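target-v1.pdb follows; it contains PDB, C-alpha atoms.
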MODEL        1
ATOM      1  CA  MET A   1     -89.329 168.344  92.332
ATOM      2  CA  LYS A   2     -86.542 166.182  90.894
ATOM      3  CA  THR A   3     -83.349 166.947  92.796
ATOM      4  CA  ALA A   4     -79.641 166.284  92.311
ATOM      5  CA  PHE A   5     -76.987 166.514  95.007
ATOM      6  CA  LEU A   6     -73.616 167.870  93.828
ATOM      7  CA  PHE A   7     -70.388 167.318  95.778
ATOM      8  CA  PRO A   8     -67.337 169.545  95.180
ATOM      9  CA  GLY A   9     -63.751 168.541  94.479
ATOM     10  CA  GLN A  10     -60.286 169.832  95.247
ATOM     11  CA  GLY A  11     -59.889 173.575  94.908
ATOM     12  CA  ALA A  12     -63.142 174.367  96.774
ATOM     13  CA  GLN A  13     -61.463 174.216 100.207
ATOM     14  CA  ALA A  14     -61.212 177.214 102.526
ATOM     15  CA  VAL A  15     -60.010 177.498 106.124
ATOM     16  CA  GLY A  16     -63.064 177.688 108.397
ATOM     17  CA  MET A  17     -65.294 175.531 106.197
ATOM     18  CA  GLY A  18     -67.995 173.707 108.138
ATOM     19  CA  LYS A  19     -67.179 175.357 111.490
ATOM     20  CA  ASP A  20     -70.486 177.197 112.043
ATOM     21  CA  ILE A  21     -72.462 174.088 111.044
ATOM     22  CA  TYR A  22     -70.357 171.889 113.342
ATOM     23  CA  GLU A  23     -70.997 174.236 116.256
ATOM     24  CA  LYS A  24     -74.776 174.110 115.868
ATOM     25  CA  TYR A  25     -75.605 170.583 114.684
ATOM     26  CA  GLU A  26     -74.936 167.349 116.558
ATOM     27  CA  GLU A  27     -75.263 165.377 113.281
ATOM     28  CA  ALA A  28     -72.307 167.315 111.848
ATOM     29  CA  ARG A  29     -70.204 166.892 114.992
ATOM     30  CA  LYS A  30     -70.651 163.116 114.822
ATOM     31  CA  ILE A  31     -69.433 162.994 111.223
ATOM     32  CA  TYR A  32     -66.235 164.940 111.997
ATOM     33  CA  GLU A  33     -65.608 162.797 115.094
ATOM     34  CA  GLU A  34     -66.144 159.541 113.177
ATOM     35  CA  ALA A  35     -63.870 160.700 110.344
ATOM     36  CA  GLU A  36     -61.168 161.520 112.894
ATOM     37  CA  LYS A  37     -61.558 158.140 114.585
ATOM     38  CA  ILE A  38     -61.322 156.245 111.279
ATOM     39  CA  SER A  39     -58.449 158.266 109.783
ATOM     40  CA  GLY A  40     -56.442 159.268 112.846
ATOM     41  CA  ILE A  41     -56.374 162.812 111.389
ATOM     42  CA  ASP A  42     -57.741 165.828 113.283
ATOM     43  CA  VAL A  43     -60.009 166.724 110.360
ATOM     44  CA  LYS A  44     -61.905 169.482 112.151
ATOM     45  CA  GLU A  45     -58.680 171.249 113.173
ATOM     46  CA  ILE A  46     -57.488 171.267 109.534
ATOM     47  CA  CYS A  47     -60.923 172.400 108.272
ATOM     48  CA  PHE A  48     -61.610 175.057 110.898
ATOM     49  CA  ASN A  49     -58.163 176.448 111.714
ATOM     50  CA  GLY A  50     -55.864 175.334 108.911
ATOM     51  CA  PRO A  51     -53.305 176.780 108.527
ATOM     52  CA  GLU A  52     -53.953 177.151 104.808
ATOM     53  CA  GLU A  53     -50.713 175.395 103.795
ATOM     54  CA  GLU A  54     -51.841 172.301 105.735
ATOM     55  CA  LEU A  55     -55.332 172.357 104.250
ATOM     56  CA  MET A  56     -53.850 172.774 100.757
ATOM     57  CA  LYS A  57     -51.865 169.506 100.981
ATOM     58  CA  THR A  58     -53.691 166.994  98.777
ATOM     59  CA  GLU A  59     -53.610 164.327 101.500
ATOM     60  CA  ASN A  60     -55.463 166.742 103.832
ATOM     61  CA  THR A  61     -57.635 168.557 101.280
ATOM     62  CA  GLN A  62     -59.437 165.463 100.056
ATOM     63  CA  ILE A  63     -60.471 164.115 103.456
ATOM     64  CA  ALA A  64     -61.338 167.644 104.683
ATOM     65  CA  ILE A  65     -63.696 168.376 101.784
ATOM     66  CA  LEU A  66     -65.279 164.904 101.893
ATOM     67  CA  THR A  67     -65.927 165.149 105.655
ATOM     68  CA  THR A  68     -67.414 168.642 105.357
ATOM     69  CA  SER A  69     -69.727 167.549 102.535
ATOM     70  CA  LEU A  70     -70.854 164.452 104.441
ATOM     71  CA  ALA A  71     -71.503 166.477 107.618
ATOM     72  CA  ILE A  72     -73.845 168.792 105.711
ATOM     73  CA  LEU A  73     -75.421 165.855 103.881
ATOM     74  CA  LYS A  74     -76.242 164.188 107.216
ATOM     75  CA  ILE A  75     -78.248 167.251 108.299
ATOM     76  CA  LEU A  76     -80.154 167.377 104.989
ATOM     77  CA  GLU A  77     -81.000 163.681 105.349
ATOM     78  CA  ALA A  78     -82.201 164.267 108.926
ATOM     79  CA  LYS A  79     -84.498 167.011 107.582
ATOM     80  CA  GLY A  80     -85.925 164.673 104.928
ATOM     81  CA  ILE A  81     -84.272 166.355 101.935
ATOM     82  CA  LYS A  82     -83.449 163.706  99.332
ATOM     83  CA  ALA A  83     -82.115 163.517  95.782
ATOM     84  CA  GLU A  84     -82.817 161.148  92.900
ATOM     85  CA  VAL A  85     -79.370 161.767  91.394
ATOM     86  CA  ALA A  86     -75.929 162.380  92.928
ATOM     87  CA  VAL A  87     -72.694 163.464  91.274
ATOM     88  CA  GLY A  88     -69.350 164.729  92.515
ATOM     89  CA  LEU A  89     -66.325 166.330  90.933
ATOM     90  CA  SER A  90     -63.286 164.061  91.294
ATOM     91  CA  LEU A  91     -63.051 163.346  95.064
ATOM     92  CA  GLY A  92     -66.700 164.484  95.300
ATOM     93  CA  GLU A  93     -67.671 161.258  93.558
ATOM     94  CA  TYR A  94     -66.926 159.452  96.841
ATOM     95  CA  ALA A  95     -69.562 161.501  98.678
ATOM     96  CA  ALA A  96     -71.996 160.668  95.855
ATOM     97  CA  LEU A  97     -71.142 156.940  96.120
ATOM     98  CA  ILE A  98     -71.630 157.005  99.904
ATOM     99  CA  TYR A  99     -75.005 158.729  99.455
ATOM    100  CA  GLY A 100     -75.917 156.178  96.766
ATOM    101  CA  GLY A 101     -75.079 153.278  99.091
ATOM    102  CA  TYR A 102     -72.222 151.875  96.992
ATOM    103  CA  ILE A 103     -69.578 152.572  99.654
ATOM    104  CA  THR A 104     -69.922 152.663 103.433
ATOM    105  CA  PHE A 105     -68.979 155.848 105.290
ATOM    106  CA  GLU A 106     -66.006 154.093 106.906
ATOM    107  CA  ASP A 107     -64.674 152.717 103.615
ATOM    108  CA  GLY A 108     -65.193 156.089 101.928
ATOM    109  CA  ILE A 109     -63.074 157.881 104.554
ATOM    110  CA  LYS A 110     -60.353 155.208 104.405
ATOM    111  CA  LEU A 111     -60.258 155.271 100.610
ATOM    112  CA  ILE A 112     -60.147 159.044 100.261
ATOM    113  CA  GLN A 113     -57.375 159.219 102.872
ATOM    114  CA  LYS A 114     -55.263 156.799 100.823
ATOM    115  CA  ARG A 115     -56.259 158.396  97.516
ATOM    116  CA  GLY A 116     -55.238 161.847  98.744
ATOM    117  CA  TYR A 117     -51.945 160.495 100.086
ATOM    118  CA  TYR A 118     -50.994 158.724  96.860
ATOM    119  CA  MET A 119     -52.096 161.597  94.629
ATOM    120  CA  GLY A 120     -50.147 164.078  96.769
ATOM    121  CA  ASN A 121     -46.974 162.058  97.280
ATOM    122  CA  PHE A 122     -46.396 159.921  94.196
ATOM    123  CA  LEU A 123     -45.926 162.584  91.566
ATOM    124  CA  PRO A 124     -43.312 162.934  88.832
ATOM    125  CA  ASP A 125     -40.368 165.219  89.656
ATOM    126  CA  GLU A 126     -41.359 168.111  87.393
ATOM    127  CA  GLU A 127     -43.441 171.086  88.525
ATOM    128  CA  TYR A 128     -47.082 170.898  87.409
ATOM    129  CA  SER A 129     -50.028 173.266  87.332
ATOM    130  CA  MET A 130     -53.614 173.516  86.115
ATOM    131  CA  ALA A 131     -55.596 176.258  84.390
ATOM    132  CA  ALA A 132     -59.287 176.793  83.646
ATOM    133  CA  VAL A 133     -60.036 177.747  80.041
ATOM    134  CA  ILE A 134     -63.278 179.716  79.625
ATOM    135  CA  GLY A 135     -65.143 180.435  76.419
ATOM    136  CA  LEU A 136     -63.402 178.014  74.033
ATOM    137  CA  GLU A 137     -64.820 174.712  72.787
ATOM    138  CA  SER A 138     -63.110 171.602  74.143
ATOM    139  CA  SER A 139     -62.210 170.282  70.662
ATOM    140  CA  LYS A 140     -60.049 173.394  70.064
ATOM    141  CA  ILE A 141     -58.419 173.007  73.487
ATOM    142  CA  GLU A 142     -57.605 169.363  72.686
ATOM    143  CA  GLU A 143     -56.105 170.421  69.357
ATOM    144  CA  ILE A 144     -53.832 173.049  70.954
ATOM    145  CA  CYS A 145     -52.720 170.640  73.694
ATOM    146  CA  ASN A 146     -51.876 168.013  71.036
ATOM    147  CA  GLU A 147     -49.777 170.534  69.099
ATOM    148  CA  ILE A 148     -47.772 171.397  72.243
ATOM    149  CA  ASN A 149     -47.327 167.712  73.134
ATOM    150  CA  GLN A 150     -45.848 167.033  69.707
ATOM    151  CA  THR A 151     -42.897 169.247  70.721
ATOM    152  CA  GLY A 152     -42.105 166.882  73.622
ATOM    153  CA  LYS A 153     -43.925 168.847  76.318
ATOM    154  CA  PHE A 154     -46.964 167.733  78.342
ATOM    155  CA  VAL A 155     -50.373 169.375  78.736
ATOM    156  CA  VAL A 156     -53.836 167.790  78.423
ATOM    157  CA  PRO A 157     -57.501 168.528  79.230
ATOM    158  CA  ALA A 158     -58.145 167.134  82.731
ATOM    159  CA  ASN A 159     -61.604 168.437  83.675
ATOM    160  CA  TYR A 160     -64.378 168.994  81.135
ATOM    161  CA  ASN A 161     -66.458 171.143  83.480
ATOM    162  CA  CYS A 162     -69.237 172.420  81.208
ATOM    163  CA  SER A 163     -69.675 173.425  77.577
ATOM    164  CA  VAL A 164     -67.772 176.690  78.053
ATOM    165  CA  GLN A 165     -65.101 175.661  80.586
ATOM    166  CA  THR A 166     -62.356 173.042  80.486
ATOM    167  CA  ALA A 167     -59.394 172.709  82.858
ATOM    168  CA  ILE A 168     -55.995 171.729  81.493
ATOM    169  CA  SER A 169     -53.156 170.096  83.412
ATOM    170  CA  GLY A 170     -49.472 169.743  82.621
ATOM    171  CA  THR A 171     -45.942 170.888  83.352
ATOM    172  CA  ASN A 172     -45.661 174.544  84.333
ATOM    173  CA  GLU A 173     -43.855 175.338  81.076
ATOM    174  CA  ALA A 174     -46.416 173.567  78.877
ATOM    175  CA  VAL A 175     -49.377 175.118  80.725
ATOM    176  CA  ASP A 176     -47.881 178.599  80.327
ATOM    177  CA  ILE A 177     -47.396 178.010  76.577
ATOM    178  CA  ALA A 178     -50.953 176.651  76.332
ATOM    179  CA  ILE A 179     -52.384 179.700  78.134
ATOM    180  CA  GLU A 180     -50.920 182.030  75.489
ATOM    181  CA  LYS A 181     -52.021 179.860  72.580
ATOM    182  CA  LEU A 182     -55.533 179.421  73.994
ATOM    183  CA  LYS A 183     -55.935 183.167  74.404
ATOM    184  CA  GLU A 184     -54.762 183.672  70.817
ATOM    185  CA  ALA A 185     -57.316 181.065  69.705
ATOM    186  CA  GLY A 186     -60.148 183.095  71.266
ATOM    187  CA  ALA A 187     -60.504 181.877  74.853
ATOM    188  CA  ARG A 188     -62.379 184.536  76.802
ATOM    189  CA  LYS A 189     -60.344 183.906  79.933
ATOM    190  CA  VAL A 190     -57.671 181.489  81.177
ATOM    191  CA  VAL A 191     -57.104 181.249  84.951
ATOM    192  CA  LYS A 192     -54.418 179.350  86.871
ATOM    193  CA  LEU A 193     -56.030 177.098  89.528
ATOM    194  CA  LYS A 194     -55.324 176.500  93.229
ATOM    195  CA  THR A 195     -54.193 172.944  92.576
ATOM    196  CA  SER A 196     -50.813 171.513  91.722
ATOM    197  CA  GLY A 197     -49.990 168.082  90.398
ATOM    198  CA  PRO A 198     -51.044 166.527  87.091
ATOM    199  CA  PHE A 199     -54.375 165.254  88.433
ATOM    200  CA  HIS A 200     -56.539 163.183  86.090
ATOM    201  CA  THR A 201     -53.688 162.559  83.667
ATOM    202  CA  GLU A 202     -51.435 159.601  82.813
ATOM    203  CA  LYS A 203     -48.694 161.143  84.986
ATOM    204  CA  LEU A 204     -50.437 159.735  88.075
ATOM    205  CA  GLN A 205     -49.981 156.141  86.927
ATOM    206  CA  LYS A 206     -47.902 155.246  90.014
ATOM    207  CA  ALA A 207     -50.595 156.663  92.345
ATOM    208  CA  LYS A 208     -53.230 154.682  90.420
ATOM    209  CA  GLU A 209     -51.297 151.416  90.804
ATOM    210  CA  LEU A 210     -50.832 151.904  94.548
ATOM    211  CA  TYR A 211     -54.477 152.890  94.984
ATOM    212  CA  GLU A 212     -55.655 149.766  93.136
ATOM    213  CA  LYS A 213     -54.239 147.694  96.001
ATOM    214  CA  GLU A 214     -56.299 149.707  98.522
ATOM    215  CA  LEU A 215     -59.450 149.162  96.479
ATOM    216  CA  GLU A 216     -58.925 145.399  96.730
ATOM    217  CA  ASN A 217     -59.687 145.659 100.467
ATOM    218  CA  VAL A 218     -63.142 147.177  99.948
ATOM    219  CA  GLU A 219     -66.434 145.368  99.497
ATOM    220  CA  PHE A 220     -68.632 147.531  97.289
ATOM    221  CA  LYS A 221     -72.419 147.408  97.680
ATOM    222  CA  LYS A 222     -75.263 147.266  95.155
ATOM    223  CA  GLY A 223     -76.552 150.777  95.833
ATOM    224  CA  ASN A 224     -79.831 152.040  97.263
ATOM    225  CA  GLY A 225     -81.613 153.300  94.153
ATOM    226  CA  VAL A 226     -80.051 156.767  93.939
ATOM    227  CA  LYS A 227     -78.580 157.315  90.471
ATOM    228  CA  VAL A 228     -74.882 158.112  90.852
ATOM    229  CA  ILE A 229     -73.138 159.600  87.821
ATOM    230  CA  LYS A 230     -69.605 158.536  86.915
ATOM    231  CA  ASN A 231     -66.928 161.150  86.252
ATOM    232  CA  LEU A 232     -65.397 158.878  83.610
ATOM    233  CA  ASP A 233     -68.218 159.111  81.076
ATOM    234  CA  GLY A 234     -71.213 160.949  82.550
ATOM    235  CA  LYS A 235     -73.257 157.735  82.743
ATOM    236  CA  ILE A 236     -74.808 156.265  85.881
ATOM    237  CA  TYR A 237     -73.284 153.411  87.844
ATOM    238  CA  THR A 238     -74.980 150.049  87.345
ATOM    239  CA  GLU A 239     -74.653 146.713  89.128
ATOM    240  CA  LYS A 240     -72.514 145.469  86.238
ATOM    241  CA  ASP A 241     -69.857 148.133  86.792
ATOM    242  CA  ASN A 242     -66.493 147.187  88.278
ATOM    243  CA  LEU A 243     -66.112 149.983  90.842
ATOM    244  CA  LYS A 244     -62.529 149.028  91.698
ATOM    245  CA  GLU A 245     -61.487 149.394  88.088
ATOM    246  CA  ILE A 246     -63.466 152.624  87.572
ATOM    247  CA  LEU A 247     -62.195 154.357  90.741
ATOM    248  CA  ALA A 248     -58.572 153.440  89.967
ATOM    249  CA  LYS A 249     -58.925 154.669  86.379
ATOM    250  CA  HIS A 250     -60.577 157.835  87.730
ATOM    251  CA  ILE A 251     -57.163 159.069  88.991
ATOM    252  CA  ILE A 252     -55.609 159.136  85.497
ATOM    253  CA  SER A 253     -58.692 159.953  83.398
ATOM    254  CA  PRO A 254     -60.324 163.313  82.607
ATOM    255  CA  VAL A 255     -63.423 164.290  84.608
ATOM    256  CA  ARG A 256     -66.478 164.570  82.320
ATOM    257  CA  PHE A 257     -68.717 166.829  84.395
ATOM    258  CA  ASP A 258     -69.995 168.303  81.114
ATOM    259  CA  LYS A 259     -71.533 164.928  80.270
ATOM    260  CA  ALA A 260     -73.010 164.667  83.789
ATOM    261  CA  ILE A 261     -74.795 167.992  83.225
ATOM    262  CA  GLU A 262     -76.104 166.695  79.895
ATOM    263  CA  TYR A 263     -77.420 163.558  81.614
ATOM    264  CA  MET A 264     -79.168 165.582  84.357
ATOM    265  CA  LYS A 265     -80.785 167.882  81.797
ATOM    266  CA  ASN A 266     -82.117 164.837  79.954
ATOM    267  CA  GLU A 267     -83.396 163.451  83.271
ATOM    268  CA  LYS A 268     -85.246 166.763  83.759
ATOM    269  CA  ILE A 269     -83.649 167.490  87.122
ATOM    270  CA  GLU A 270     -85.128 170.788  88.347
ATOM    271  CA  ARG A 271     -83.246 171.464  91.582
ATOM    272  CA  PHE A 272     -79.495 171.207  92.181
ATOM    273  CA  ILE A 273     -78.035 171.347  95.696
ATOM    274  CA  GLU A 274     -74.253 171.720  95.986
ATOM    275  CA  ILE A 275     -73.177 170.278  99.334
ATOM    276  CA  GLY A 276     -69.816 171.424 100.679
ATOM    277  CA  PRO A 277     -67.390 174.315 100.276
ATOM    278  CA  GLY A 278     -67.508 176.686  97.319
ATOM    279  CA  LYS A 279     -69.998 177.319  94.533
ATOM    280  CA  THR A 280     -68.112 175.805  91.624
ATOM    281  CA  LEU A 281     -70.493 173.071  90.497
ATOM    282  CA  THR A 282     -73.667 175.142  90.522
ATOM    283  CA  GLY A 283     -71.657 177.672  88.506
ATOM    284  CA  PHE A 284     -71.111 175.008  85.836
ATOM    285  CA  ILE A 285     -74.790 174.015  85.919
ATOM    286  CA  LYS A 286     -75.868 177.650  85.517
ATOM    287  CA  LYS A 287     -73.814 177.988  82.320
ATOM    288  CA  ASP A 288     -75.493 175.029  80.587
ATOM    289  CA  TYR A 289     -78.857 174.879  82.366
ATOM    290  CA  PRO A 290     -79.828 178.479  83.280
ATOM    291  CA  GLU A 291     -83.453 177.644  84.124
ATOM    292  CA  ALA A 292     -82.467 175.232  86.938
ATOM    293  CA  GLU A 293     -83.056 176.009  90.629
ATOM    294  CA  LEU A 294     -79.654 176.212  92.321
ATOM    295  CA  HIS A 295     -78.596 176.029  95.976
ATOM    296  CA  ASN A 296     -75.128 176.088  97.594
ATOM    297  CA  ILE A 297     -74.965 174.704 101.104
ATOM    298  CA  ASN A 298     -71.556 175.785 102.382
ATOM    299  CA  ASN A 299     -72.285 177.559 105.685
ATOM    300  CA  LEU A 300     -74.930 177.823 108.407
ATOM    301  CA  GLU A 301     -76.825 180.642 106.712
ATOM    302  CA  SER A 302     -77.199 178.809 103.374
ATOM    303  CA  LEU A 303     -78.066 175.536 105.150
ATOM    304  CA  GLU A 304     -80.844 177.114 107.206
ATOM    305  CA  ALA A 305     -82.167 179.063 104.226
ATOM    306  CA  LEU A 306     -82.836 175.678 102.581
ATOM    307  CA  ILE A 307     -84.108 173.718 105.571
ATOM    308  CA  GLY A 308     -85.888 176.606 107.268
ATOM    309  CA  GLY A 309     -83.732 176.443 110.432
TER     310      GLY A 309
ENDMDL
END
Hey, can you dump this file as structure tokens for me?
Amino acid sequence: MKTAFLFPGQGAQAVGMGKDIYEKYEEARKIYEEAEKISGIDVKEICFNGPEEELMKTENTQIAILTTSLAILKILEAKGIKAEVAVGLSLGEYAALIYGGYITFEDGIKLIQKRGYYMGNFLPDEEYSMAAVIGLESSKIEEICNEINQTGKFVVPANYNCSVQTAISGTNEAVDIAIEKLKEAGARKVVKLKTSGPFHTEKLQKAKELYEKELENVEFKKGNGVKVIKNLDGKIYTEKDNLKEILAKHIISPVRFDKAIEYMKNEKIERFIEIGPGKTLTGFIKKDYPEAELHNINNLESLEALIGG
């Protein structure tokens, strides 16, 4: 059965994530301990005990979600569960690149620590928010955002999640205006998200420039044969790709998870396993690929249901 591993992004975090798996599996404990050693951050304390305001800080969220996903992944690998394709949402792409052999575990932890820090601390002064738009085609969302931007405000599509859901990002004022206009245009639902900051927009240019310098210190590998899908365009990484350039651009560019789903459908992937907190990505898959077999591995019960623990 052709399988894809899916790795979640920011917004999936929850205090307590990974704790029951950590307590039972040595493989998971090693991952948390190694992440702590590399980063100097008590990742398990933030994951297991929070408090929520600490976990919600971008600089903590990104490393916490990545570590939790990699801890679960390690157990799946030990049980012989493999995937032909890997894809992540935003920070989840780093877990996919580690699984695909393009980045070492150590470099992945170091990079995501810096990425989270820059994205959380080098933001414009204004207040920003994000909202998920459900049931309206992306071309209409783009059109409405463009109209608002022409008045001197700022709001843009940031995450193209699936054919019926797109997330927008912008100043609080512009997002609020967009929410009303999108509802008037026929959106079934518009929901404010648990993330702040204009992620995946041009407003993170300063964070991108600082992060580029970090990427210069990393030696990227050729990969191990797993097909890893890029957020930038929904195509797979190849040996010709400049990973430093792509991962820097990633910070200021929209996530095209919709195109990743399209690619996986064309590849005839039958089974999708979301590895890490939440159920967001399998939710997107279900919308566009209802016949697929879906699994969410986000706690001990769901892990052992898959591996037969």
Please tell me which residues are no farther than 7 Å from (-58.3, 168.8, 75.7) in the file, counting only C-alpha atoms, and write them as number ranges by chain. A: 138-139, 141-143, 145, 156-157, 168
Would you save the residues from that selection as a short mmCIF file (atom, residue, chain, number, x, y, z; two decimals), in the coordinates of the input, using C-alpha atoms?
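This went into again.cif:
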data_model
loop_
_atom_site.label_atom_id
_atom_site.label_comp_id
_atom_site.auth_asym_id
_atom_site.auth_seq_id
_atom_site.Cartn_x
_atom_site.Cartn_y
_atom_site.Cartn_z
CA SER A 138 -63.11 171.60 74.14
CA SER A 139 -62.21 170.28 70.66
CA ILE A 141 -58.42 173.01 73.49
CA GLU A 142 -57.60 169.36 72.69
CA GLU A 143 -56.10 170.42 69.36
CA CYS A 145 -52.72 170.64 73.69
CA VAL A 156 -53.84 167.79 78.42
CA PRO A 157 -57.50 168.53 79.23
CA ILE A 168 -56.00 171.73 81.49
#
Quick check on the file I pasted: which residues fall under the PyMOL selection byres ((chain A and resi 64) around 10)? Write them as a count of residues only. 31
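Proximity to Asn299 in chain A was assessed for A:Leu6, A:Cys162, A:Ala28, A:Val155 counting only C-alpha atoms; the smallest distance is recorded for A:Ala28.
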Which of A:Val191, A:Ala167, A:Leu281, A:Val226 sits closest to Gly88 in chain A [using all atoms listed in the file]: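 Result for the nearest residue to Gly88 in chain A: A:Leu281.
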Two-atom distance - CA of Pro198 in chain A, CA of Asn296 in chain A (Å):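 Distance between the two atoms: 28.0 Å.
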Matched chain/residue IDs from the PyMOL selection byres ((chain A and resi 220) around 9), as a PyMOL selection string: chain A and resi 101-104+218-219+221-223+243-244
Under the rule that only C-alpha atoms are counted, which of A:Tyr118, A:Tyr263, A:Tyr25, A:Tyr211 is the nearest residue to Lys230 in chain A? A:Tyr263
